[in-house]
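Visitor: Quick one: the structure is below, and I'll ask about it shortly.
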Amino acid sequence: MTPSPPPLVRVRSRAAHSLDEALDDAELVATRAALAQGRWRSARSLLVRTGDDWDRRAHRATVLAQEPSCAVRAREWLLADPGSGDAALLLALALVHRALRGEEAPDRCREACRTAAGSRPADPTPWFGLLLLERALGPEDEVVRAFDEVRGRYADHHHAHHLMVARLAERRGEAGPDPLHEVYDFAGRAAEQAPADSPLAMLPVIAHAERYRVLAAAGHEPPDPGASGHWSGRRARLVMKAAFDWWLEWEHEGHPRRLVDLNFLAHAKCCEGRGAEAAALFHRIGGHATSAPWSYPDRDPRTAFRAARAGALGTT
């Protein structure tokens, strides 16, 4: 089923495409602003309200942790409430993001993640923080170990699966295209095993985009994804169709990271040359662009998003 294109709308201003990782979570945006102003109690209230919605908890805690003053505020929170698992989590994730920027020793972050994990054993989020760290800086066995800890607590963790797909896609990039690469099997199995309404149904699309990133960086694909045959093979077409059909039938409006998936799917549809389907996706995405995959392999994501959106919607 191919939808009719949505009514023509004006492309939103350049400032609207902010690549804000908070996406459309207004509470999170307000809490991050309060944290930047030194008010950590807003973060405490937000995480309490989030409860054990593990995907939302990881999303919110990770975005807050990227605020430059987060580590300082989390330590203030811990001084006021030494037993707070939420404060320990926020400090651990803040240190992880400092390490990813080269501002913190990785071993100190690992210790902080394990401390946070000990304060709330059922919570996968401290282990997700460790996965963030190891995916960028650690050996593969530690990446797998952290992912297994996350999945042992919450099998359908959205962001953790995205991180694993990105890491697996990097295996043997220099060898060139491989239709049997293990990232495709991993993504396919995870999508099949997830509940029917789980956005993990999109994982094969994520795997295809991540593999393009790796192959293009290695010189095996052109730097313009629209000029690449990576998106036109039979296997690619089947993956894209299945994901788009899933979105039409089981659209999951409540998921905190659904806009990440929609950006990946819109990117894929643009590369595939399916303008009407891409237009439907852009209409739903609005101004909530994400850096990945529009930056792949080495592009300005705002420029790429705006050009793709204007082409699909027929606007300038």
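Numbering starts fresh at 1 for the residues of each chain in the structure tokens, the chains themselves are lettered A, B, ... in the order given, and ligands are numbered from 1 as they appear.
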Give me the residues near Val63 in chain A as a list in words, where near means some atom within 8 Å (using only C-alpha atoms) and where sequence neighbours in that chain fewer than 5 positions away do not count.
Guide: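 Once the adjacent positions are removed, what remains is Glu21, Ala22 and Arg32 of chain A.
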Visitor: Give me, as a tab-separated table, the closest atom pair and its distance (Å, one decimal) for every residue of range 4-107 of chain A within a cut-off of 9 Å of range 120-129 of chain A, counting only C-alpha atoms, rows sorted by chain and rising number.
Guide:
```
residue	atom	partner	partner_atom	distance
A:Asp52	CA	A:Asp123	CA	7.7
A:Trp54	CA	A:Thr125	CA	7.2
A:Asp55	CA	A:Thr125	CA	8.7
A:Arg57	CA	A:Thr125	CA	7.3
A:Ala58	CA	A:Thr125	CA	5.6
A:Ala61	CA	A:Thr125	CA	8.4
A:Thr62	CA	A:Gly129	CA	8.0
A:Gly85	CA	A:Arg120	CA	6.2
A:Asp86	CA	A:Arg120	CA	8.8
A:Ala88	CA	A:Pro126	CA	9.0
A:Leu89	CA	A:Pro126	CA	6.1
A:Leu90	CA	A:Pro126	CA	8.9
A:Ala92	CA	A:Gly129	CA	7.3
A:Leu93	CA	A:Gly129	CA	5.6
A:Val96	CA	A:Gly129	CA	6.8
A:His97	CA	A:Gly129	CA	9.0
```
Visitor: Of the candidates A:Ala217, A:Leu203, A:Leu130, A:Ala71, which one gets nearest to Arg299 in chain A if we count only C-alpha atoms?
Guide: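 Closest candidate: A:Ala217.
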Visitor: Suppose you want the space between CA of Gly229 in chain A and CA of Pro179 in chain A; what is it in Å?
Guide: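 Computing the Euclidean distance for CA of Gly229 in chain A and CA of Pro179 in chain A yields 12.8 Å.
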Visitor: Leaving out range 268-274 of chain A and any residue of its chain fewer than 3 positions from it, which residues lie within 8 Å of it when counting only C-alpha atoms, given as a list in words?
Guide: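 Non-adjacent residues within range: Val205, Ala209, Pro225, Gly226, Ala227, Ser228, Trp231, Ser232, Arg237, Met240, Phe264, Leu265, Glu277, Ala278, Ala308 and Ala312 of chain A.
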Visitor: Determine the nearest neighbour of Arg284 in chain A from the options A:Trp40, A:Trp247, A:Tyr154, A:Phe186, counting only C-alpha atoms.
Guide: A:Trp247
